[in-house]
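Q: The following file, model25.cif, comprises mmCIF, C-alpha atoms:
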data_start
loop_
_atom_site.label_atom_id
_atom_site.label_comp_id
_atom_site.auth_asym_id
_atom_site.auth_seq_id
_atom_site.Cartn_x
_atom_site.Cartn_y
_atom_site.Cartn_z
CA MET Y 1379 98.24 101.11 106.86
CA LYS Y 1380 100.91 101.01 104.15
CA TYR Y 1381 98.89 100.01 101.10
CA PRO Y 1382 95.31 101.23 101.65
CA PHE Y 1383 94.25 101.15 97.97
CA ASP Y 1384 95.66 97.73 97.02
CA ILE Y 1385 93.10 95.27 95.67
CA VAL Y 1386 95.64 92.77 94.28
CA SER Y 1387 99.07 91.86 95.64
CA TYR Y 1388 101.25 88.91 94.55
CA VAL Y 1389 104.60 88.66 96.30
CA ARG Y 1390 107.39 86.30 95.25
CA ASP Y 1391 110.94 87.22 94.30
CA LYS Y 1392 109.14 90.07 92.56
CA THR Y 1393 105.94 91.89 93.51
CA PHE Y 1394 102.88 92.72 91.45
CA SER Y 1395 100.09 94.93 92.81
CA VAL Y 1396 97.01 96.75 91.58
CA GLU Y 1397 95.54 99.84 93.24
CA ALA Y 1398 91.96 101.04 92.71
CA ARG Y 1399 91.97 104.84 92.48
CA PHE Y 1400 88.41 106.06 91.88
CA GLU Y 1401 86.92 109.54 92.01
CA LYS Y 1402 83.37 110.79 91.47
CA THR Y 1403 82.62 112.83 88.38
CA LYS Y 1404 82.22 116.57 88.79
CA ASP Y 1405 80.69 117.33 85.37
CA GLU Y 1406 77.07 117.99 84.42
CA SER Y 1407 76.17 114.28 84.23
CA PRO Y 1408 76.37 112.84 87.76
CA LEU Y 1409 75.05 109.40 86.70
CA LYS Y 1410 78.33 108.72 84.91
CA VAL Y 1411 79.64 108.30 88.48
CA PHE Y 1412 83.35 107.97 87.58
CA ASP Y 1413 85.66 110.86 86.80
CA ASP Y 1414 87.28 109.76 83.52
CA THR Y 1415 90.40 111.82 84.10
CA PHE Y 1416 91.39 110.67 87.58
CA SER Y 1417 89.73 107.24 87.98
CA ARG Y 1418 92.21 104.49 87.16
CA TYR Y 1419 93.93 101.26 88.16
CA VAL Y 1420 97.60 101.58 89.08
CA PHE Y 1421 99.80 98.59 88.17
CA THR Y 1422 103.14 98.22 89.95
CA VAL Y 1423 105.91 95.67 89.43
CA ILE Y 1424 108.80 95.73 91.90
CA ALA Y 1425 111.99 93.88 90.99
CA GLY Y 1426 115.42 94.27 92.52
CA GLY Y 1427 114.19 97.05 94.76
CA ARG Y 1428 113.08 99.20 91.82
CA ALA Y 1429 109.42 99.88 91.05
CA ALA Y 1430 107.84 100.41 87.65
CA THR Y 1431 104.27 101.74 87.51
CA CYS Y 1432 101.57 102.50 84.98
CA ASN Y 1433 97.92 103.59 84.89
CA MET Y 1434 95.13 101.66 83.23
CA HIS Y 1435 91.93 103.52 82.31
CA LEU Y 1436 88.63 102.06 83.47
CA ASP Y 1437 87.30 101.76 79.92
CA GLU Y 1438 89.91 99.07 79.23
CA LEU Y 1439 88.42 96.71 81.81
CA ALA Y 1440 85.44 95.38 79.82
CA ARG Y 1441 87.61 94.30 76.89
CA ILE Y 1442 90.26 92.78 79.17
CA LYS Y 1443 87.64 90.82 81.08
CA ALA Y 1444 86.11 89.46 77.88
CA MET Y 1445 89.48 88.46 76.39
CA THR Y 1446 90.64 86.89 79.63
CA GLY Y 1447 87.48 84.78 79.82
CA ILE Y 1448 87.94 83.44 76.28
CA LEU Y 1449 91.64 82.71 76.74
CA TYR Y 1450 91.17 81.09 80.13
CA ASN Y 1451 88.43 78.78 78.83
CA LYS Y 1452 90.63 77.67 75.95
CA TYR Y 1453 93.51 77.20 78.36
CA LEU Y 1454 91.42 74.94 80.61
CA GLU Y 1455 90.10 72.96 77.64
CA GLY Y 1456 93.59 72.51 76.25
CA SER Y 1457 92.31 73.70 72.88
CA PHE Y 1458 95.29 75.86 72.02
CA THR Y 1459 96.91 74.67 68.78
CA PRO Y 1460 100.71 74.33 68.88
CA VAL Y 1461 102.43 76.58 66.37
CA GLN Y 1462 105.89 76.97 64.95
CA ASN Y 1463 108.03 79.76 66.36
CA THR Y 1464 108.44 81.18 62.85
CA ALA Y 1465 104.69 81.80 62.62
CA THR Y 1466 104.45 83.89 65.75
CA ALA Y 1467 107.73 85.60 64.88
CA ARG Y 1468 106.39 87.01 61.62
CA PRO Y 1469 106.00 90.77 62.18
CA ALA Y 1470 103.01 90.90 59.83
CA LEU Y 1471 101.09 88.69 62.27
CA SER Y 1472 102.37 89.99 65.61
CA LYS Y 1473 102.90 93.75 65.32
CA THR Y 1474 99.83 95.95 65.69
CA PHE Y 1475 99.04 99.59 64.96
CA HIS Y 1476 98.79 101.77 68.06
CA SER Y 1477 96.51 104.56 66.89
CA GLY Y 1478 94.05 105.71 64.25
CA ASN Y 1479 91.44 103.59 62.44
CA LEU Y 1480 93.84 100.64 62.30
CA LYS Y 1481 94.51 100.55 66.02
CA GLY Y 1482 94.87 97.00 67.36
CA LYS Y 1483 95.14 95.39 63.92
CA THR Y 1484 98.17 93.70 62.36
CA PRO Y 1485 99.25 94.53 58.78
CA ALA Y 1486 98.13 91.04 57.75
CA GLN Y 1487 94.65 91.68 59.15
CA VAL Y 1488 94.40 94.95 57.22
CA LEU Y 1489 95.23 93.19 53.95
CA CYS Y 1490 92.80 90.33 54.60
CA GLU Y 1491 89.91 92.55 55.62
CA ARG Y 1492 90.28 95.40 53.11
CA GLY Y 1493 92.01 93.93 50.06
CA ALA Y 1494 93.18 96.60 47.61
CA GLU Y 1495 92.12 99.37 49.96
CA GLY Y 1496 94.23 97.71 52.65
CA LYS Y 1497 97.32 97.91 50.46
CA LYS Y 1498 96.74 101.62 49.97
CA LEU Y 1499 96.28 102.15 53.71
CA LEU Y 1500 99.47 100.24 54.53
CA ASN Y 1501 101.44 102.29 52.01
CA GLU Y 1502 100.14 105.50 53.58
CA GLN Y 1503 101.00 104.23 57.06
CA TYR Y 1504 104.50 103.24 55.93
CA GLN Y 1505 105.09 106.72 54.52
CA TRP Y 1506 103.77 108.38 57.69
CA LEU Y 1507 105.94 106.18 59.95
CA SER Y 1508 109.07 106.72 57.85
CA GLU Y 1509 108.71 110.51 58.03
CA ARG Y 1510 108.80 110.30 61.84
CA LEU Y 1511 111.38 107.54 62.16
CA ALA Y 1512 114.13 109.83 63.45
CA GLN Y 1513 111.89 111.04 66.25
CA TYR Y 1514 110.35 107.62 66.99
CA PRO Y 1515 112.86 104.83 66.35
CA ARG Y 1516 110.34 102.14 67.29
CA ASN Y 1517 108.39 102.97 64.13
CA LYS Y 1518 110.89 100.68 62.39
CA GLU Y 1519 109.22 97.62 63.93
CA LEU Y 1520 105.85 98.46 62.40
CA MET Y 1521 107.44 99.45 59.10
CA ASP Y 1522 109.11 96.01 58.91
CA ALA Y 1523 105.75 94.39 59.69
CA ILE Y 1524 104.13 96.25 56.77
CA VAL Y 1525 106.92 95.10 54.44
CA ASP Y 1526 106.52 91.54 55.71
CA ALA Y 1527 102.78 91.61 55.02
CA SER Y 1528 103.36 92.87 51.49
CA LYS Y 1529 105.47 89.76 50.79
CA MET Y 1530 102.72 87.33 51.87
CA SER Y 1531 100.64 85.71 49.17
CA ASP Y 1532 96.86 85.62 49.35
CA GLU Y 1533 97.01 81.93 50.32
CA GLU Y 1534 99.46 82.65 53.14
CA LEU Y 1535 97.31 85.47 54.44
CA LYS Y 1536 94.13 83.41 54.43
CA SER Y 1537 95.87 80.46 56.05
CA ALA Y 1538 97.46 82.61 58.76
CA MET Y 1539 94.32 84.58 59.54
CA GLY Y 1540 92.01 81.57 59.38
CA SER Y 1541 94.06 79.38 61.72
CA THR Y 1542 94.06 79.36 65.51
CA SER Y 1543 97.76 80.10 65.67
CA GLN Y 1544 97.16 83.62 66.92
CA VAL Y 1545 95.67 82.40 70.20
CA ALA Y 1546 98.33 79.72 70.53
CA GLY Y 1547 101.16 82.20 70.78
CA ALA Y 1548 101.56 85.30 72.90
CA VAL Y 1549 98.25 87.17 72.77
CA LYS Y 1550 98.22 90.77 73.95
CA ILE Y 1551 95.45 91.27 76.48
CA LEU Y 1552 96.49 94.86 77.19
CA GLU Y 1553 98.83 97.26 75.46
CA ILE Y 1554 99.49 100.77 76.73
CA GLY Y 1555 101.57 102.99 74.49
CA CYS Y 1556 103.91 105.65 75.85
CA ARG Y 1557 101.90 107.98 78.06
CA PRO Y 1558 103.40 110.95 79.89
CA LEU Y 1559 102.52 112.28 83.33
CA ILE Y 1560 102.89 116.04 82.93
CA ARG Y 1561 102.60 116.65 86.67
CA LYS Y 1562 105.80 114.61 87.20
CA LYS Y 1563 108.20 116.93 85.41
CA ARG Y 1564 111.87 117.41 86.22
CA GLU Y 1565 113.72 120.69 86.21
CA ASP Y 1566 115.15 119.92 82.77
CA GLY Y 1567 111.60 119.69 81.37
CA LYS Y 1568 111.52 115.92 80.87
CA CYS Y 1569 108.39 114.15 82.10
CA PHE Y 1570 107.74 110.73 83.56
CA VAL Y 1571 106.58 108.30 80.86
CA TYR Y 1572 105.19 104.77 81.14
CA GLU Y 1573 104.45 101.93 78.76
CA ALA Y 1574 102.93 98.56 79.59
CA SER Y 1575 101.62 95.30 78.19
CA VAL Y 1576 99.91 92.14 79.42
CA THR Y 1577 100.38 89.02 77.28
CA PHE Y 1578 98.95 85.51 77.50
CA ASP Y 1579 101.06 82.60 76.22
CA ALA Y 1580 99.57 79.14 76.81
CA SER Y 1581 102.89 77.43 76.12
CA ARG Y 1582 104.44 78.84 79.30
CA ASN Y 1583 104.16 77.54 82.87
CA TYR Y 1584 103.20 81.07 83.92
CA PRO Y 1585 101.10 82.11 80.90
CA VAL Y 1586 100.48 85.74 81.86
CA CYS Y 1587 103.28 88.30 81.72
CA VAL Y 1588 102.89 91.90 82.91
CA LYS Y 1589 105.61 94.18 81.55
CA ILE Y 1590 106.02 97.83 82.58
CA LEU Y 1591 108.53 100.32 81.22
CA ASN Y 1592 109.30 103.70 82.88
CA TYR Y 1593 111.62 106.54 81.86
CA TYR Y 1594 111.86 110.32 81.58
CA ALA Y 1595 111.60 111.99 78.16
CA PRO Y 1596 110.81 115.37 76.57
CA VAL Y 1597 107.14 116.04 75.89
CA GLU Y 1598 105.72 118.54 73.42
CA ARG Y 1599 102.19 119.90 73.40
CA ARG Y 1600 100.45 120.07 70.03
CA GLU Y 1601 98.10 122.80 68.82
CA ASN Y 1602 95.06 120.55 69.37
CA GLY Y 1603 95.95 120.18 73.06
CA THR Y 1604 97.35 116.64 72.90
CA VAL Y 1605 100.86 115.80 74.08
CA ASN Y 1606 103.55 113.94 72.22
CA VAL Y 1607 106.45 112.03 73.80
CA ILE Y 1608 109.80 112.44 72.05
CA VAL Y 1609 111.15 108.95 72.72
CA SER Y 1610 114.44 109.61 70.95
CA GLY Y 1611 115.29 112.16 73.64
CA LYS Y 1612 114.57 109.97 76.65
CA ASP Y 1613 116.98 109.80 79.57
CA ARG Y 1614 118.17 106.19 79.34
CA SER Y 1615 119.68 106.32 82.82
CA THR Y 1616 116.14 106.52 84.22
CA GLU Y 1617 114.79 103.57 82.22
CA ILE Y 1618 113.23 100.75 84.27
CA VAL Y 1619 111.83 97.60 82.66
CA ASN Y 1620 110.15 95.17 85.06
CA GLU Y 1621 108.22 92.00 84.30
CA PHE Y 1622 106.03 89.77 86.43
CA ASN Y 1623 104.88 86.31 85.36
CA MET Y 1624 101.80 84.72 86.92
CA THR Y 1625 99.47 81.78 86.49
CA ALA Y 1626 96.32 82.06 84.43
CA LEU Y 1627 94.22 81.74 87.58
CA GLU Y 1628 96.12 84.55 89.31
CA TRP Y 1629 95.39 86.86 86.38
CA VAL Y 1630 91.72 85.83 86.30
CA ASN Y 1631 91.46 86.64 90.03
CA ALA Y 1632 93.19 90.01 89.47
CA VAL Y 1633 90.70 90.93 86.74
CA GLU Y 1634 87.83 89.80 88.98
CA MET Y 1635 89.05 92.04 91.82
CA MET Y 1636 89.31 95.02 89.46
CA ASP Y 1637 85.76 94.43 88.28
CA MET Y 1638 84.39 93.94 91.82
CA SER Y 1639 86.04 97.11 93.14
CA LYS Y 1640 84.62 99.15 90.26
CA THR Y 1641 81.14 97.73 90.85
CA ALA Y 1642 81.37 98.36 94.61
CA PHE Y 1643 82.33 102.01 94.08
CA TYR Y 1644 79.54 102.42 91.53
CA ASN Y 1645 76.93 100.97 93.91
CA MET Y 1646 78.18 103.21 96.71
CA ALA Y 1647 78.17 106.43 94.67
CA PHE Y 1648 75.11 105.89 92.45
CA PRO Y 1649 72.34 106.67 95.03
CA ASP Y 1650 73.76 110.13 95.77
CA ALA Y 1651 74.36 110.70 92.07
CA TYR Y 1652 70.75 109.79 91.25
CA THR Y 1653 69.42 112.09 93.98
CA ALA Y 1654 71.54 114.91 92.58
CA ALA Y 1655 70.19 114.19 89.08
CA VAL Y 1656 66.56 114.28 90.28
CA ASN Y 1657 67.11 117.52 92.21
CA ALA Y 1658 68.76 119.07 89.18
CA GLU Y 1659 65.82 118.10 86.97
CA VAL Y 1660 63.27 119.55 89.45
CA ALA Y 1661 65.24 122.79 89.72
CA SER Y 1662 65.47 122.98 85.93
CA ARG Y 1663 61.69 122.54 85.54
CA GLN Y 1664 60.95 125.19 88.15
CA GLU Y 1665 63.30 127.63 86.46
CA SER Y 1666 61.72 126.87 83.10
CA ALA Y 1667 58.21 127.47 84.53
CA LYS Y 1668 59.30 130.84 85.97
CA LYS Y 1669 60.71 131.93 82.64
CA LYS Y 1670 57.55 130.84 80.81
CA GLU Y 1671 55.35 132.71 83.29
CA ALA Y 1672 57.45 135.85 82.89
CA GLN Y 1673 57.21 135.62 79.11
CA ASN Y 1674 53.40 135.28 79.17
CA ALA Y 1675 52.78 138.24 81.56
CA PRO Y 1676 51.34 141.52 79.96
CA VAL Y 1677 54.03 144.01 79.16
CA ASN Y 1678 52.38 147.16 80.75
CA ALA Y 1679 50.13 145.56 83.31
CA GLN Y 1680 49.07 147.91 86.15
CA PRO Y 1681 47.57 146.84 89.49
CA ALA Y 1682 43.77 147.36 89.83
CA PRO Y 1683 42.87 150.59 91.73
CA VAL Y 1684 41.67 150.15 95.29
CA GLN Y 1685 38.05 151.30 95.73
CA PRO Y 1686 37.46 153.37 98.91
CA ALA Y 1687 34.96 151.99 101.45
CA PRO Y 1688 31.53 153.79 101.52
CA ALA Y 1689 31.40 156.57 104.11
CA ALA Y 1690 29.16 156.14 107.18
CA PRO Y 1691 26.12 158.53 107.52
CA ALA Y 1692 27.14 161.85 109.02
CA TYR Y 1693 25.44 162.97 112.24
CA ASN Y 1694 25.79 166.71 112.84
CA ALA Y 1695 26.14 167.02 116.58
CA VAL Y 1696 24.97 170.19 118.24
CA PRO Y 1697 27.33 171.65 120.83
CA VAL Y 1698 26.24 170.58 124.29
CA GLN Y 1699 25.47 173.29 126.85
CA PRO Y 1700 26.25 172.49 130.43
CA GLY Y 1701 23.24 171.07 132.30
CA LEU Y 1702 21.18 170.40 129.21
CA VAL Y 1703 20.71 167.35 127.11
CA GLN Y 1704 20.78 168.48 123.51
CA GLN Y 1705 18.92 166.75 120.76
CA ALA Y 1706 21.06 165.86 117.81
CA THR Y 1707 20.15 167.19 114.40
CA LEU Y 1708 19.29 164.07 112.40
CA PRO Y 1709 19.91 163.73 108.72
CA ALA Y 1710 17.05 164.07 106.30
CA GLY Y 1711 14.82 161.03 106.14
CA VAL Y 1712 15.79 159.76 109.58
CA SER Y 1713 12.85 159.61 111.99
CA PRO Y 1714 13.47 160.94 115.54
CA VAL Y 1715 10.78 158.59 116.83
CA PRO Y 1716 11.67 154.94 117.26
CA ASP Y 1717 9.63 152.58 115.09
CA VAL Y 1718 7.89 151.04 118.05
CA PRO Y 1719 4.20 151.47 119.00
CA ALA Y 1720 3.21 153.90 121.79
CA PRO Y 1721 1.54 152.57 124.90
CA SER Y 1722 -2.14 151.72 124.57
CA GLY Y 1723 -4.42 154.79 124.51
CA MET Y 1724 -1.50 157.21 123.99
CA THR Y 1725 0.62 158.67 121.27
CA TRP Y 1726 4.18 159.70 121.44
CA ASP Y 1727 3.11 163.33 121.24
CA ASP Y 1728 1.46 162.95 124.68
CA PHE Y 1729 4.92 162.54 126.22
CA PRO Y 1730 6.74 165.68 127.47
CA LYS Y 1731 9.45 167.02 125.31
CA ILE Y 1732 12.91 167.71 126.63
CA ALA Y 1733 13.74 171.34 126.20
#
Please go through the file and, once you have read it, give me the structure as structure tokens.
A:
Amino acid sequence: MKYPFDIVSYVRDKTFSVEARFEKTKDESPLKVFDDTFSRYVFTVIAGGRAATCNMHLDELARIKAMTGILYNKYLEGSFTPVQNTATARPALSKTFHSGNLKGKTPAQVLCERGAEGKKLLNEQYQWLSERLAQYPRNKELMDAIVDASKMSDEELKSAMGSTSQVAGAVKILEIGCRPLIRKKREDGKCFVYEASVTFDASRNYPVCVKILNYYAPVERRENGTVNVIVSGKDRSTEIVNEFNMTALEWVNAVEMMDMSKTAFYNMAFPDAYTAAVNAEVASRQESAKKKEAQNAPVNAQPAPVQPAPAAPAYNAVPVQPGLVQQATLPAGVSPVPDVPAPSGMTWDDFPKIA
């Protein structure tokens, strides 16, 4: 079995595959089911005998599924509006922020949605990007997009943002910024890094394009525990850029398989997780009851003394002489004569006494 975890595999002159790598959570909340750190989908594109790979987190799936459904419906209806190449080429409308509160938005969107505040935010972003330009050369693309947005009039912004041109061009369904794999580190300290994107362009015969980029680059760990890839120091000899184009239906089926595999794993793991949760709750209640009982017990409580059983009446036996039957000395108040009547016409005194 060469590919046991594959859930999607498209083979042409190039190959695209998706692996489902799921693990159960080990934290204090078993009903979460999935381990957020190690559960992932692994995308692979093989071209020319070289493979490029990337990981996609499970929390990306819901958004991707929703976007794919909208785009595919428009694609089937033929409702995409043709646009000029210059419109989609404008950086202000195509480049998006990769982090922070503006993540996923274009500079034009920021200006339209926030007005004067948006201008201030873009200026701050431009300054922040420029200070790190030497370390991250790709910041220049976003800086140019901010400048482009600043040149657009209010009418141009409203027209661009209010039109359907954004879904007519290349729409990014998924974008994964540079992420390092610390466990794949070379002797020179450089780590394996991947970037990826999935775009949908209705004007193409194969609308969906999966692009994966791999390389090795230095990685620094910040004081807050996060890691930072120094792209300017990457080893360009290790760079691999592979693309795979597919039909809209192929991508829809790939997303469906990702969703089905996640649901299947969830349904398989949830019963045990729920049992563990119930057992944990019962154990917690029992422990809480024990603590409460211990807290309510008297501090210096002593066990009640045990009362001795009443002693039986003492009979003082007289030493027995051989050949004689001795009469026992009875305690005071005890009659030596049985409480039964004597035979008719006689008394007990008429009977001979034993010496």
Q: Within 12 Å of Asn1631 (chain Y), counting all atoms listed in the file, which residues qualify if same-chain residues fewer than 4 places away don't, as a VMD selection string?
A: chain Y and resid 1385 to 1388 1396 1443 1446 to 1447 1450 1624 to 1627 1635 to 1638
Q: With C-alpha atoms kept, could you save the residues just selected as a short mmCIF file (atom, residue, chain, number, x, y, z; two decimals), keeping the file's coordinate frame?
A:
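Below is the file selection.cif, written as the result:
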data_model
loop_
_atom_site.label_atom_id
_atom_site.label_comp_id
_atom_site.auth_asym_id
_atom_site.auth_seq_id
_atom_site.Cartn_x
_atom_site.Cartn_y
_atom_site.Cartn_z
CA ILE Y 1385 93.10 95.27 95.67
CA VAL Y 1386 95.64 92.77 94.28
CA SER Y 1387 99.07 91.86 95.64
CA TYR Y 1388 101.25 88.91 94.55
CA VAL Y 1396 97.01 96.75 91.58
CA LYS Y 1443 87.64 90.82 81.08
CA THR Y 1446 90.64 86.89 79.63
CA GLY Y 1447 87.48 84.78 79.82
CA TYR Y 1450 91.17 81.09 80.13
CA MET Y 1624 101.80 84.72 86.92
CA THR Y 1625 99.47 81.78 86.49
CA ALA Y 1626 96.32 82.06 84.43
CA LEU Y 1627 94.22 81.74 87.58
CA MET Y 1635 89.05 92.04 91.82
CA MET Y 1636 89.31 95.02 89.46
CA ASP Y 1637 85.76 94.43 88.28
CA MET Y 1638 84.39 93.94 91.82
#
Q: Can you list, as a PDB file with C-alpha atoms, in the coordinates of the input, the residues that the PyMOL selection byres ((chain Y and resi 1654) around 12) selects here?
A:
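Once written, selection.pdb looks like this:
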ATOM      1  CA  LYS Y1404      82.220 116.570  88.790  1.00  0.00           C
ATOM      2  CA  ASP Y1405      80.690 117.330  85.370  1.00  0.00           C
ATOM      3  CA  GLU Y1406      77.070 117.990  84.420  1.00  0.00           C
ATOM      4  CA  SER Y1407      76.170 114.280  84.230  1.00  0.00           C
ATOM      5  CA  PRO Y1408      76.370 112.840  87.760  1.00  0.00           C
ATOM      6  CA  LEU Y1409      75.050 109.400  86.700  1.00  0.00           C
ATOM      7  CA  LYS Y1410      78.330 108.720  84.910  1.00  0.00           C
ATOM      8  CA  VAL Y1411      79.640 108.300  88.480  1.00  0.00           C
ATOM      9  CA  ALA Y1647      78.170 106.430  94.670  1.00  0.00           C
ATOM     10  CA  PHE Y1648      75.110 105.890  92.450  1.00  0.00           C
ATOM     11  CA  PRO Y1649      72.340 106.670  95.030  1.00  0.00           C
ATOM     12  CA  ASP Y1650      73.760 110.130  95.770  1.00  0.00           C
ATOM     13  CA  ALA Y1651      74.360 110.700  92.070  1.00  0.00           C
ATOM     14  CA  TYR Y1652      70.750 109.790  91.250  1.00  0.00           C
ATOM     15  CA  THR Y1653      69.420 112.090  93.980  1.00  0.00           C
ATOM     16  CA  ALA Y1655      70.190 114.190  89.080  1.00  0.00           C
ATOM     17  CA  VAL Y1656      66.560 114.280  90.280  1.00  0.00           C
ATOM     18  CA  ASN Y1657      67.110 117.520  92.210  1.00  0.00           C
ATOM     19  CA  ALA Y1658      68.760 119.070  89.180  1.00  0.00           C
ATOM     20  CA  GLU Y1659      65.820 118.100  86.970  1.00  0.00           C
ATOM     21  CA  VAL Y1660      63.270 119.550  89.450  1.00  0.00           C
ATOM     22  CA  ALA Y1661      65.240 122.790  89.720  1.00  0.00           C
TER      23      ALA Y1661
END
Q: Quick one: distance from CA of Asn1433 (chain Y) to CA of Ser1581 (chain Y) in Å, one decimal?
A: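 Calculated distance between CA of Asn1433 (chain Y) and CA of Ser1581 (chain Y) is 28.0 Å.
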Q: List the residues matched by the PyMOL selection byres ((chain Y and resi 1390) around 12) in the displayed structure as a ChimeraX atom specification, ordered by chain and then by residue number.
A: /Y:1387-1389,1391-1395,1423-1426,1622-1624
Q: Expand the PyMOL selection byres ((chain Y and resi 1577) around 10) into the explicit residue set it covers here, and present it as a ChimeraX atom specification.
A: /Y:1547-1553,1575-1576,1578-1580,1585-1589,1623
Q: Could you dump the residues just selected with C-alpha atoms as a PDB file, in the coordinates of the input?
A:
ATOM      1  CA  GLY Y1547     101.160  82.200  70.780  1.00  0.00           C
ATOM      2  CA  ALA Y1548     101.560  85.300  72.900  1.00  0.00           C
ATOM      3  CA  VAL Y1549      98.250  87.170  72.770  1.00  0.00           C
ATOM      4  CA  LYS Y1550      98.220  90.770  73.950  1.00  0.00           C
ATOM      5  CA  ILE Y1551      95.450  91.270  76.480  1.00  0.00           C
ATOM      6  CA  LEU Y1552      96.490  94.860  77.190  1.00  0.00           C
ATOM      7  CA  GLU Y1553      98.830  97.260  75.460  1.00  0.00           C
ATOM      8  CA  SER Y1575     101.620  95.300  78.190  1.00  0.00           C
ATOM      9  CA  VAL Y1576      99.910  92.140  79.420  1.00  0.00           C
ATOM     10  CA  PHE Y1578      98.950  85.510  77.500  1.00  0.00           C
ATOM     11  CA  ASP Y1579     101.060  82.600  76.220  1.00  0.00           C
ATOM     12  CA  ALA Y1580      99.570  79.140  76.810  1.00  0.00           C
ATOM     13  CA  PRO Y1585     101.100  82.110  80.900  1.00  0.00           C
ATOM     14  CA  VAL Y1586     100.480  85.740  81.860  1.00  0.00           C
ATOM     15  CA  CYS Y1587     103.280  88.300  81.720  1.00  0.00           C
ATOM     16  CA  VAL Y1588     102.890  91.900  82.910  1.00  0.00           C
ATOM     17  CA  LYS Y1589     105.610  94.180  81.550  1.00  0.00           C
ATOM     18  CA  ASN Y1623     104.880  86.310  85.360  1.00  0.00           C
TER      19      ASN Y1623
END
Q: Just to confirm, what's the straight-line distance from CA of Glu1534 (chain Y) to CA of Asn1451 (chain Y) in Å (one decimal)?
A: 28.2 Å
Q: Near Thr1474 (chain Y), counting all atoms listed in the file, which residues have an atom at most 6 Å away, once you skip same-chain residues fewer than 4 positions from it, shown as a ChimeraX atom specification?
A: /Y:1482-1484
Q: Tell me, in Å to one decimal, how far CA of Leu1520 (chain Y) is from CA of Arg1600 (chain Y).
A: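 Distance between the two atoms: 23.5 Å.
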Q: Measuring between only C-alpha atoms, which one of Y:Ile1524, Y:Phe1400, Y:Glu1617, Y:Arg1468 shows the shortest distance to Ala1642 (chain Y)?
A: Y:Phe1400
Q: Which is closest to Gln1487 (chain Y) among Y:Leu1511, Y:Met1646, Y:Val1630, Y:Met1530, if we use all atoms listed in the file?
A: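 Nearest candidate to Gln1487 (chain Y) out of Y:Leu1511, Y:Met1646, Y:Val1630, Y:Met1530: Y:Met1530.
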Q: For Lys1612 (chain Y), please output as a PDB file with C-alpha atoms, keeping the file's coordinate frame all residues within 12 Å (counting all atoms listed in the file; exclusion window: fewer than 4 positions along the same chain).
A:
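The resulting out.pdb:
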ATOM      1  CA  GLN Y1513     111.890 111.040  66.250  1.00  0.00           C
ATOM      2  CA  TYR Y1514     110.350 107.620  66.990  1.00  0.00           C
ATOM      3  CA  PRO Y1515     112.860 104.830  66.350  1.00  0.00           C
ATOM      4  CA  CYS Y1556     103.910 105.650  75.850  1.00  0.00           C
ATOM      5  CA  PRO Y1558     103.400 110.950  79.890  1.00  0.00           C
ATOM      6  CA  ASP Y1566     115.150 119.920  82.770  1.00  0.00           C
ATOM      7  CA  GLY Y1567     111.600 119.690  81.370  1.00  0.00           C
ATOM      8  CA  LYS Y1568     111.520 115.920  80.870  1.00  0.00           C
ATOM      9  CA  CYS Y1569     108.390 114.150  82.100  1.00  0.00           C
ATOM     10  CA  PHE Y1570     107.740 110.730  83.560  1.00  0.00           C
ATOM     11  CA  VAL Y1571     106.580 108.300  80.860  1.00  0.00           C
ATOM     12  CA  TYR Y1572     105.190 104.770  81.140  1.00  0.00           C
ATOM     13  CA  ASN Y1592     109.300 103.700  82.880  1.00  0.00           C
ATOM     14  CA  TYR Y1593     111.620 106.540  81.860  1.00  0.00           C
ATOM     15  CA  TYR Y1594     111.860 110.320  81.580  1.00  0.00           C
ATOM     16  CA  ALA Y1595     111.600 111.990  78.160  1.00  0.00           C
ATOM     17  CA  PRO Y1596     110.810 115.370  76.570  1.00  0.00           C
ATOM     18  CA  VAL Y1597     107.140 116.040  75.890  1.00  0.00           C
ATOM     19  CA  VAL Y1607     106.450 112.030  73.800  1.00  0.00           C
ATOM     20  CA  ILE Y1608     109.800 112.440  72.050  1.00  0.00           C
ATOM     21  CA  THR Y1616     116.140 106.520  84.220  1.00  0.00           C
ATOM     22  CA  GLU Y1617     114.790 103.570  82.220  1.00  0.00           C
TER      23      GLU Y1617
END
Q: Ranking Y:Trp1629, Y:Tyr1584, Y:Phe1416, Y:Phe1383 by minimum distance to Glu1401 (chain Y) and counting all atoms listed in the file, which one comes first?
A: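 Checking each of Y:Trp1629, Y:Tyr1584, Y:Phe1416, Y:Phe1383 against Glu1401 (chain Y), counting all atoms listed in the file, the winner is Y:Phe1416.
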Q: Name all residues at most 10 Å from Leu1439 (chain Y) (count only C-alpha atoms; drop same-chain ones fewer than 5 positions away) and give them as a ChimeraX atom specification.
A: /Y:1419,1434,1444-1445,1552,1633-1634,1636-1637,1640
Q: Fewer than 6 positions away in the same chain doesn't count, so skip those; otherwise give me all residues within 10 Å of Lys1498 (chain Y), counting all atoms listed in the file, as a PyMOL selection string.
A: chain Y and resi 1489+1492+1504
